[in-house]
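Enquirer: Below you will find the structure I want to go over with you.
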Amino acid sequence: MIVVTAGIFAEQQNRAVHAARARAAVAAQLSPIRSRLEANINGDIQLVRGLIATIATEPGMNQKRFSELARNLFNERSRLRNVVAAPNLIVSLVYPMKGNEKVLGLDYRKNKNQRAAAMRVQSSGKMVLAGPLELIQGGNGLIGRFPVSLSVGGASNRFWGIVSAVIDVDRLYQDSGLRSQALDLDIAISGRDGLGKEGASFYGNNAVKDANPVEVNVFLPGGSWVISAAPKGGWVDTPPNAWLIRSLVVLGGLFIVVPMFVTGRLMQERQRNIRVLEHNKDQLQELSHRLKIALDASQIGIWELDISSGKLLWDDRMKELYGLGKNVREVYEDWRDALHPDDLQRAEKEFSDALLHGENYVSQFRIRLPGNLIRHIRTVGSIYTGAGGREKIVGVNWDVTADVENSERLEAAKGQAEAHSAELEAARHRMEFNALHDPLTGLPNRRYLDEILADRRSSTATRDLASIFHIDLDRFKEINDTLGHAAGDEILRHAAQILRDNTGDDDFVGRIGGDEFVIISRNGGVEGQHLALAQRIIDAMSVPVKYKEQDCRIGVSIGIAYQARREEALTHVLVNADIALYEAKRRGRNRYEVFTHSLKTAVFATKQTADEILRGLEQNEFIAYFQPQFCPVGLNIIGVEALARWDHPTKGLLAPHAFLKAAENINVLSEIDHRIFEQALFQSRRWEASGIDIPKVSVNLSYHRLHDEKLVDRLSQLTIPKGKVSFELLESISFDENDMTVLSNIEQIKNLGIDIEIDDFGTGYASIVSLLKLTPRRLKIDRQLVIPILTSAKQRQLVASIIDIGTSLGIEVIAEGVETIEHARILRDLGCHGLQGYAFARPMSANDLASFARERRWLAA
C-alpha cells in the first residue's frame, strides 16, 4: 500500500512539476510580448498626447500646421497610421491626407459606428481606446480617441473636440513579436476596446481558450487585453521522465534502502532550503536597512492602507510631513482631514478612482500644517493583494513645496513675457487693422478691397466663382444735410451692421466710399441665393432708424455682378456691379439690378448720351421753345411757358424726355434750367422791343436747383422785370417738408419780383396747407385731369373743385392739355383763368412765336 501510494504520489507530483514547467515556459515567452505590446501602444499614445498639448495652445490651427506637427510623430519609430482632429466632433484635420480624403467631414455624432465612442470621450473627458477594428480607409487598426479641452482661466473647462490616432495593428503585432517565426505557441487575444475578459477576441484562434491556456493581462491606457497561449499541438500530459520515475518507484518497493536513501536526500535538501531561507532573511534585513537609509536621505514617507478595514499605516517620515505626533488614529480620516479645503474634493476623487479602477495612484495636493502653513505633497501608490487575500494600497509621499514655488515663479515670469509679447502683437494687429478698416463702421476699407481683389485674381484656381454686390444708400445726403453728420454716422453704422447680419463668415463686406459698400460672396455665384440676399438687405434698410427721437428713413440701391469664369478679373466684375448699381438708381432706387450684357450696352448708350449732353452744353445746343397761354374769355395771350429743347446736330430737335434723366444723373439739369431761363429773359426783352405784348414768361425750376443755396445770388445778378417772370415748381416736390433752404429760396425769389407757380397740380404732393404756406401766384392743372372732362362728369367736377379752391385762395388757375375747342369752352364755363394746349398752339421757337403773336393765328382756330 505504501509503495503504491508513493508511486501514485510520485506520478502526480511529476506531472504537476512537468505542467508547471511547461506553463512557466509559455509564460516566459509571453512576458516579453506583453511588455512590448504595452510599451509600443503607450509610446504611440504619448506621441499623440504631445500633439494634443500643441492643439490646446493653438485651437485654430489649419491643415498645414496640423500636418507639420503630425509629420514629426510619423518620423519617430511609431506604428501610427494616421491622425485626425475633429473640432466640435467633425473631422477637419487629417494626416496623412493621401488615402484619407473620405474621412474629411465625418461627423462623429451622425456616424452610428463611432458615435458611442465619441460621446464616451466627450462625457468622460478621458481617452477611449477602440479596436482593433476595420477602418473606413481600409485595413485594421487600433483607434485611440483623445478629448481636447481648452484652458480658460487656468483650467481646462471648454471641450474643443477629439483627436483620433490609428495604430497599425499588423505592424504592432509584428513589432511586439506576435508573428515571430521562433514563437512556438498558439495565441489568442481578447478584450476588444480595452474591455479585458469581457471584451471580444480579435487575434488568433478562440480554441486556445478551451485548452487551459496561460493568460496574462496587457494593461493599456483606458483598459486591458488578455493574452491566452498554449503550446502548438497542445499540452503534453506525460512527462518525458515518466517511465524513469515509475522504474524508481518499483525499485524502491524492491529495495528498502532506496526509500531510506531518498529520505536522506530529501532531508539534506530540506536543510539546504532552510539555510537558503536564513540567507535570504539576512539579505532582506540588509536590503531593508539600505532602504531605510535611502528613505531617510530622500525624506520620502511611506504609507499603506488596508482597503477593506480603512486602517492606515504611516511611517515616522509621513507623520513628520503631515505635522502629526506619534499618537495617530491610523485611519483614512487622518489623511483626509489634513487636506487643503480647495484640494479636498479633487484629491479624494483621484484616490477613489484609483481604488475603483485598480489603476496606479498618482496625485499632488496641498495639506494644512499647524500655524496655517501650507505644504505641497506629491504621492504615488499601487494596489496589491496582501496576506490572506486582503487588498491593500501602498505608496510614498514627498514634499514638493520648493518645486511648486519655483514653478510658480517661472510661470509668472513666463506670463509676463507672454503678456508683453501679446501687447506687441496686439499693437501690430491694431496698426494693420486701422490701415485696412474704416474707423466708423469697422468694415474693411477700399485699400483692403484692393488687396482682396489682387489676391483673388492671383489664386482663382483654388477658389469658387465670386459674386460682387455694389451697394449705395439712398437719401443719405438728405439726412446728412438736415440732421447733421452725427446722424449720418449713425446711419452708416446701422447699414454696416445690417450687411454683417445678412452675410456669411466667408463673405467680404467693406465700405469703400462715403455711403458705398461692397460685398464679395464666395459661394460660386448661386443667383437665387444672391437675389434673396439683396432683397433681405433692401427690406432691412427700409426699416426706419431712430435718431434723437426722430425716424430716419433710407433706402438702398444694389448692383449685382457674377464672375463668369475663374480667369475673369474681379476688378472687371466690380465694374459690372457698378454698372448694375447705376441701372438700379436710374430705375427709381431702393431696388437691385443684376448685370447683363444688354444692360452694359444700355449704360454705354446712356453714357454716350451724357457725353453728348456735356458737348451740347459747350456748343449751346440747348434752346428755349415757347408755348403760349390764353385767356379763356378774350382769347388774348396772357403768357408763355419756356420749354427746353435740344437741337441735336444729327438727331434733330429733341424733347425733354430724351435727355432730362441723363442730365439729372450727371447733375447738369440745373445748368440747362439756368440757360433756358436766360434765353427766356432775352427773348422777353426782344419781344417787348418789337412791340409784341407777352405779359409773362414761365420757366421750370428743378428740385435740385431749388435746393441750391447760391440760386438767389445768381438771380440777383440778372435784370428781371418785376411780374414778368414766373418759376414753375413741379408738384412732385413735397412742399410740406420743413426744408429751410427750399422755403428760404422761395421767399427770396418772390422778393425779387418773380412769381411762383405750381405745375402739374393734382398728381403730386401739394396740399391745401402747402398752398397756404407757399401762396403761389398760379397753379396749373395737370393734363391728365383735363383731357377726360369731355366724357367724365367726375373728372369735370374734380377740375371745377380745383378751380374753386384756387379762386377762393386768390390763386390763378391755368389748365394744361387743352386739346380741343370743346375743352376750352368747358374750362371757360368752370371759371378757369388760363388755357394752354394744342387746341391753340404747340411749342415753337422764339421767332415763330413772335410771328404767331403778331398775326394772331389762334383766332382762326
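By convention in this document, the chains of the C-alpha cells carry letters A, B, ... by their order, each chain's residues are numbered from 1, and ligands are numbered from 1 in the order they are shown.
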Env of range 709-719 of chain A: 9 Å cut, atoms = only C-alpha atoms, seq-sep filter 5 positions within chain, self excluded. Answer as a ChimeraX atom specification.

Expert: /A:678,681,741-742,745,748-749,752

Enquirer: Produce a file of the selected residues containing N, CA, C and O atoms, as a PDB file, in the first residue's frame.

Expert:
```
ATOM      1  N   GLU A 678     -32.173 132.157 -68.940  1.00  0.00           N
ATOM      2  CA  GLU A 678     -31.507 133.315 -69.533  1.00  0.00           C
ATOM      3  C   GLU A 678     -32.048 133.592 -70.933  1.00  0.00           C
ATOM      4  O   GLU A 678     -32.252 134.772 -71.311  1.00  0.00           O
ATOM      5  N   LEU A 681     -35.451 135.248 -70.639  1.00  0.00           N
ATOM      6  CA  LEU A 681     -35.326 136.672 -70.330  1.00  0.00           C
ATOM      7  C   LEU A 681     -34.948 137.476 -71.569  1.00  0.00           C
ATOM      8  O   LEU A 681     -35.506 138.556 -71.855  1.00  0.00           O
ATOM      9  N   THR A 741     -33.896 125.505 -46.594  1.00  0.00           N
ATOM     10  CA  THR A 741     -33.275 126.039 -47.810  1.00  0.00           C
ATOM     11  C   THR A 741     -34.327 126.315 -48.870  1.00  0.00           C
ATOM     12  O   THR A 741     -34.347 127.374 -49.515  1.00  0.00           O
ATOM     13  N   VAL A 742     -35.261 125.341 -49.062  1.00  0.00           N
ATOM     14  CA  VAL A 742     -36.311 125.494 -50.074  1.00  0.00           C
ATOM     15  C   VAL A 742     -37.219 126.668 -49.720  1.00  0.00           C
ATOM     16  O   VAL A 742     -37.504 127.550 -50.555  1.00  0.00           O
ATOM     17  N   ASN A 745     -35.418 129.994 -50.165  1.00  0.00           N
ATOM     18  CA  ASN A 745     -35.226 130.361 -51.575  1.00  0.00           C
ATOM     19  C   ASN A 745     -36.523 130.847 -52.197  1.00  0.00           C
ATOM     20  O   ASN A 745     -36.542 131.815 -52.976  1.00  0.00           O
ATOM     21  N   GLN A 748     -37.244 134.382 -51.026  1.00  0.00           N
ATOM     22  CA  GLN A 748     -36.361 135.386 -51.626  1.00  0.00           C
ATOM     23  C   GLN A 748     -36.635 135.555 -53.121  1.00  0.00           C
ATOM     24  O   GLN A 748     -36.439 136.637 -53.677  1.00  0.00           O
ATOM     25  N   ILE A 749     -37.061 134.440 -53.779  1.00  0.00           N
ATOM     26  CA  ILE A 749     -37.443 134.544 -55.201  1.00  0.00           C
ATOM     27  C   ILE A 749     -38.620 135.510 -55.351  1.00  0.00           C
ATOM     28  O   ILE A 749     -38.669 136.347 -56.263  1.00  0.00           O
ATOM     29  N   LEU A 752     -37.635 139.052 -55.254  1.00  0.00           N
ATOM     30  CA  LEU A 752     -37.005 139.545 -56.484  1.00  0.00           C
ATOM     31  C   LEU A 752     -38.037 139.904 -57.549  1.00  0.00           C
ATOM     32  O   LEU A 752     -37.664 140.316 -58.660  1.00  0.00           O
TER      33      LEU A 752
END
```

Enquirer: Within 10 Å of Met740 in chain A, counting only C-alpha atoms, which residues qualify if same-chain residues fewer than 6 places away don't, as a list of chain:residue names?

Expert: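 Near Met740 in chain A, the qualifying residues are A:Thr482, A:His707, A:Ile746.
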
Enquirer: Using only C-alpha atoms, which protein or nucleic acid residues come within 10 Å of Gly358 in chain A? Drop anything in the same chain fewer than 6 positions from it, and give the result as a ChimeraX atom specification.

Expert: /A:352,382-384,393

Enquirer: Those same residues, written as a PDB file, in the first residue's frame with C-alpha atoms?

Expert:
```pdb
ATOM      1  CA  SER A 352     -11.283  56.754  -5.131  1.00  0.00           C
ATOM      2  CA  SER A 382      -0.053  50.943  -6.187  1.00  0.00           C
ATOM      3  CA  ILE A 383      -2.688  48.360  -5.289  1.00  0.00           C
ATOM      4  CA  TYR A 384      -1.623  44.814  -4.377  1.00  0.00           C
ATOM      5  CA  ILE A 393      -2.596  50.085  -1.461  1.00  0.00           C
TER       6      ILE A 393
END
```

Enquirer: Please identify all polymer residues within 12 Å of Ile512 in chain A, counting only C-alpha atoms, omitting same-chain residues fewer than 6 positions from it, and present them as a count of residues only.

Expert: 21

Enquirer: If you run DSSP on the backbone, which residues of range 134-195 of chain A are helix (DSSP H, G or I), as a PyMOL selection string?

Expert: chain A and resi 169-176+192-194

Enquirer: Those residues you just picked out, can you put them in a file as a PDB file, in the first residue's frame with N, CA, C and O atoms?

Expert:
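Everything below was put into selection_30.pdb:
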```
ATOM      1  N   VAL A 169      -2.384  47.870 -36.573  1.00  0.00           N
ATOM      2  CA  VAL A 169      -2.405  46.660 -35.752  1.00  0.00           C
ATOM      3  C   VAL A 169      -1.418  45.619 -36.282  1.00  0.00           C
ATOM      4  O   VAL A 169      -0.695  44.972 -35.509  1.00  0.00           O
ATOM      5  N   ASP A 170      -1.372  45.460 -37.606  1.00  0.00           N
ATOM      6  CA  ASP A 170      -0.461  44.438 -38.159  1.00  0.00           C
ATOM      7  C   ASP A 170       0.987  44.763 -37.793  1.00  0.00           C
ATOM      8  O   ASP A 170       1.762  43.883 -37.420  1.00  0.00           O
ATOM      9  N   ARG A 171       1.337  46.038 -37.878  1.00  0.00           N
ATOM     10  CA  ARG A 171       2.704  46.426 -37.514  1.00  0.00           C
ATOM     11  C   ARG A 171       2.949  46.275 -36.018  1.00  0.00           C
ATOM     12  O   ARG A 171       4.026  45.904 -35.575  1.00  0.00           O
ATOM     13  N   LEU A 172       1.887  46.576 -35.232  1.00  0.00           N
ATOM     14  CA  LEU A 172       2.001  46.400 -33.784  1.00  0.00           C
ATOM     15  C   LEU A 172       2.273  44.941 -33.448  1.00  0.00           C
ATOM     16  O   LEU A 172       3.119  44.628 -32.612  1.00  0.00           O
ATOM     17  N   TYR A 173       1.511  44.023 -34.112  1.00  0.00           N
ATOM     18  CA  TYR A 173       1.739  42.604 -33.866  1.00  0.00           C
ATOM     19  C   TYR A 173       3.163  42.222 -34.245  1.00  0.00           C
ATOM     20  O   TYR A 173       3.844  41.473 -33.536  1.00  0.00           O
ATOM     21  N   GLN A 174       3.616  42.744 -35.396  1.00  0.00           N
ATOM     22  CA  GLN A 174       4.948  42.377 -35.883  1.00  0.00           C
ATOM     23  C   GLN A 174       6.028  42.897 -34.934  1.00  0.00           C
ATOM     24  O   GLN A 174       6.937  42.160 -34.552  1.00  0.00           O
ATOM     25  N   ASP A 175       5.887  44.204 -34.518  1.00  0.00           N
ATOM     26  CA  ASP A 175       6.909  44.796 -33.655  1.00  0.00           C
ATOM     27  C   ASP A 175       6.909  44.177 -32.264  1.00  0.00           C
ATOM     28  O   ASP A 175       7.925  44.214 -31.567  1.00  0.00           O
ATOM     29  N   SER A 176       5.764  43.635 -31.839  1.00  0.00           N
ATOM     30  CA  SER A 176       5.685  43.082 -30.490  1.00  0.00           C
ATOM     31  C   SER A 176       6.079  41.618 -30.437  1.00  0.00           C
ATOM     32  O   SER A 176       6.075  41.009 -29.374  1.00  0.00           O
ATOM     33  N   ARG A 192     -11.329  43.310 -26.901  1.00  0.00           N
ATOM     34  CA  ARG A 192     -11.531  44.401 -27.859  1.00  0.00           C
ATOM     35  C   ARG A 192     -12.098  45.630 -27.151  1.00  0.00           C
ATOM     36  O   ARG A 192     -12.915  45.523 -26.256  1.00  0.00           O
ATOM     37  N   ASP A 193     -11.621  46.797 -27.584  1.00  0.00           N
ATOM     38  CA  ASP A 193     -11.974  48.094 -26.992  1.00  0.00           C
ATOM     39  C   ASP A 193     -11.458  48.233 -25.565  1.00  0.00           C
ATOM     40  O   ASP A 193     -11.961  49.035 -24.782  1.00  0.00           O
ATOM     41  N   GLY A 194     -10.429  47.423 -25.202  1.00  0.00           N
ATOM     42  CA  GLY A 194      -9.825  47.556 -23.875  1.00  0.00           C
ATOM     43  C   GLY A 194     -10.722  47.044 -22.762  1.00  0.00           C
ATOM     44  O   GLY A 194     -10.577  47.451 -21.619  1.00  0.00           O
TER      45      GLY A 194
END
```

Enquirer: As a VMD selection string, please: the residues near Val545 in chain A (cut-off 10 Å, only C-alpha atoms, same-chain neighbours under 5 positions excluded).

Expert: chain A and resid 487 490 to 491 494 to 495 550 to 554

Enquirer: Could you list, as a list of chain:residue names, every residue within 10 Å of Phe595 in chain A, counting only C-alpha atoms and ignoring same-chain residues fewer than 5 positions away?

Expert: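 With the cut-off at 10 Å, the set is A:Gly559, A:Ile560, A:Ala561, A:Tyr562, A:Val573, A:Val575, A:Asn576, A:Ala577, A:Asp578, A:Ile579, A:Ala580, A:Leu581, A:Glu583, A:Lys600.
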
Enquirer: Keeping only C-alpha atoms, take the residues you just selected and write them out as a PDB file, in the first residue's frame.

Expert:
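And here is the file that came out, result_14.pdb:
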```pdb
ATOM      1  CA  GLY A 559     -25.888  96.305 -58.311  1.00  0.00           C
ATOM      2  CA  ILE A 560     -25.019  92.595 -58.637  1.00  0.00           C
ATOM      3  CA  ALA A 561     -22.458  91.033 -60.980  1.00  0.00           C
ATOM      4  CA  TYR A 562     -21.255  87.421 -61.224  1.00  0.00           C
ATOM      5  CA  VAL A 573     -16.677  92.127 -62.068  1.00  0.00           C
ATOM      6  CA  VAL A 575     -17.047  97.473 -62.753  1.00  0.00           C
ATOM      7  CA  ASN A 576     -20.001  95.360 -63.922  1.00  0.00           C
ATOM      8  CA  ALA A 577     -21.588  95.601 -60.466  1.00  0.00           C
ATOM      9  CA  ASP A 578     -21.161  99.381 -60.633  1.00  0.00           C
ATOM     10  CA  ILE A 579     -22.989  99.397 -63.979  1.00  0.00           C
ATOM     11  CA  ALA A 580     -25.833  97.375 -62.421  1.00  0.00           C
ATOM     12  CA  LEU A 581     -25.940  99.837 -59.494  1.00  0.00           C
ATOM     13  CA  GLU A 583     -29.210 100.985 -63.548  1.00  0.00           C
ATOM     14  CA  LYS A 600     -23.918  97.165 -70.238  1.00  0.00           C
TER      15      LYS A 600
END
```

Enquirer: Find the spatial neighbours of Ser698 in chain A, counting only C-alpha atoms, within a cut-off of 8 Å - ignore same-chain residues fewer than 2 positions away - and output them as an MDAnalysis selection string.

Expert: chainID A and resid 639:642 696 700 725:728

Enquirer: Could you tell me how far CA of Glu425 in chain A sits from CA of Glu451 in chain A, in Å to one decimal place?

Expert: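 Those two atoms sit 21.7 Å apart.
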
Enquirer: Between CA of Leu617 in chain A and CA of Leu706 in chain A, what is the distance, to one decimal in Å?

Expert: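 Atom-to-atom, CA of Leu617 in chain A and CA of Leu706 in chain A are spaced 20.6 Å apart.
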
Enquirer: Residues of range 202-239 of chain A that approach range 123-135 of chain A to 12 Å or less, counting only C-alpha atoms: could you list each one with the shortest pair of atoms and its distance in Å to one decimal, rows by chain and increasing residue number, as a tab-separated table?

Expert:
```
residue	atom	partner	partner_atom	distance
A:Phe202	CA	A:Pro132	CA	7.1
A:Tyr203	CA	A:Pro132	CA	9.2
A:Phe219	CA	A:Leu129	CA	11.8
A:Leu220	CA	A:Leu129	CA	8.4
A:Pro221	CA	A:Leu129	CA	7.4
A:Gly222	CA	A:Val128	CA	6.0
A:Gly223	CA	A:Leu129	CA	7.5
A:Ser224	CA	A:Leu129	CA	9.6
A:Trp225	CA	A:Gly131	CA	10.9
```

Enquirer: Only N, CA, C and O atoms, please: the residues just picked out, written as a tab-separated table (two decimals), in the first residue's frame.

Expert:
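Output below, filename result-v3.tsv:
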```tsv
chain	number	residue	atom	x	y	z
A	202	PHE	N	-10.00	39.09	-30.79
A	202	PHE	CA	-9.70	39.72	-32.06
A	202	PHE	C	-8.41	39.20	-32.69
A	202	PHE	O	-8.03	39.64	-33.76
A	203	TYR	N	-7.72	38.30	-32.05
A	203	TYR	CA	-6.48	37.79	-32.61
A	203	TYR	C	-6.36	36.30	-32.28
A	203	TYR	O	-6.62	35.88	-31.15
A	219	PHE	N	-1.88	45.69	-19.86
A	219	PHE	CA	-2.53	46.91	-19.35
A	219	PHE	C	-2.31	48.06	-20.33
A	219	PHE	O	-1.18	48.39	-20.67
A	220	LEU	N	-3.43	48.62	-20.78
A	220	LEU	CA	-3.43	49.70	-21.77
A	220	LEU	C	-4.05	50.95	-21.15
A	220	LEU	O	-4.80	50.85	-20.18
A	221	PRO	N	-3.77	52.11	-21.71
A	221	PRO	CA	-4.46	53.33	-21.26
A	221	PRO	C	-5.96	53.19	-21.48
A	221	PRO	O	-6.42	53.00	-22.60
A	222	GLY	N	-6.72	53.21	-20.41
A	222	GLY	CA	-8.16	53.12	-20.54
A	222	GLY	C	-8.67	51.71	-20.64
A	222	GLY	O	-9.84	51.49	-20.98
A	223	GLY	N	-7.86	50.64	-20.37
A	223	GLY	CA	-8.37	49.28	-20.44
A	223	GLY	C	-7.25	48.25	-20.44
A	223	GLY	O	-6.10	48.55	-20.08
A	224	SER	N	-7.61	47.04	-20.86
A	224	SER	CA	-6.61	45.97	-20.86
A	224	SER	C	-7.01	44.91	-21.88
A	224	SER	O	-8.17	44.85	-22.32
A	225	TRP	N	-6.05	44.08	-22.30
A	225	TRP	CA	-6.27	42.90	-23.12
A	225	TRP	C	-5.87	41.66	-22.32
A	225	TRP	O	-5.11	41.75	-21.34
```

Enquirer: List every residue of range 272-384 of chain A that DSSP, applied to the backbone of this structure, assigns to strand (DSSP E), and report them as a PyMOL selection string.

Expert: chain A and resi 301-306+312-314+361-369+373-384

Enquirer: Residues of the last selection are to be written out with C-alpha atoms, as a PDB file, in the first residue's frame.

Expert:
```pdb
ATOM      1  CA  GLY A 301       7.341  58.951   3.686  1.00  0.00           C
ATOM      2  CA  ILE A 302       5.735  55.526   3.225  1.00  0.00           C
ATOM      3  CA  TRP A 303       2.081  54.698   3.861  1.00  0.00           C
ATOM      4  CA  GLU A 304      -0.136  51.655   3.484  1.00  0.00           C
ATOM      5  CA  LEU A 305      -3.938  51.445   3.566  1.00  0.00           C
ATOM      6  CA  ASP A 306      -5.985  48.300   4.134  1.00  0.00           C
ATOM      7  CA  LEU A 312      -3.831  53.444   7.543  1.00  0.00           C
ATOM      8  CA  LEU A 313      -0.181  52.857   8.442  1.00  0.00           C
ATOM      9  CA  TRP A 314       2.285  55.751   8.332  1.00  0.00           C
ATOM     10  CA  TYR A 361      -2.415  56.147  -7.919  1.00  0.00           C
ATOM     11  CA  VAL A 362      -0.602  59.402  -8.755  1.00  0.00           C
ATOM     12  CA  SER A 363      -1.651  62.738  -7.300  1.00  0.00           C
ATOM     13  CA  GLN A 364      -0.469  66.088  -5.976  1.00  0.00           C
ATOM     14  CA  PHE A 365      -2.262  68.192  -3.381  1.00  0.00           C
ATOM     15  CA  ARG A 366      -1.801  70.685  -0.558  1.00  0.00           C
ATOM     16  CA  ILE A 367      -2.038  69.965   3.157  1.00  0.00           C
ATOM     17  CA  ARG A 368      -2.500  72.311   6.086  1.00  0.00           C
ATOM     18  CA  LEU A 369       0.053  72.275   8.889  1.00  0.00           C
ATOM     19  CA  LEU A 373       1.332  76.686   6.933  1.00  0.00           C
ATOM     20  CA  ILE A 374       0.742  75.086   3.538  1.00  0.00           C
ATOM     21  CA  ARG A 375       2.798  72.211   2.153  1.00  0.00           C
ATOM     22  CA  HIS A 376       2.609  70.702  -1.356  1.00  0.00           C
ATOM     23  CA  ILE A 377       2.703  66.881  -1.359  1.00  0.00           C
ATOM     24  CA  ARG A 378       3.194  64.541  -4.310  1.00  0.00           C
ATOM     25  CA  THR A 379       2.110  60.916  -3.861  1.00  0.00           C
ATOM     26  CA  VAL A 380       2.419  57.674  -5.820  1.00  0.00           C
ATOM     27  CA  GLY A 381       0.712  54.427  -4.887  1.00  0.00           C
ATOM     28  CA  SER A 382      -0.053  50.943  -6.187  1.00  0.00           C
ATOM     29  CA  ILE A 383      -2.688  48.360  -5.289  1.00  0.00           C
ATOM     30  CA  TYR A 384      -1.623  44.814  -4.377  1.00  0.00           C
TER      31      TYR A 384
END
```

Enquirer: Report, in Å to a single decimal, how far apart CA of Ile55 in chain A and CA of Ala422 in chain A are.

Expert: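 CA of Ala422 in chain A sits 18.8 Å away from CA of Ile55 in chain A.
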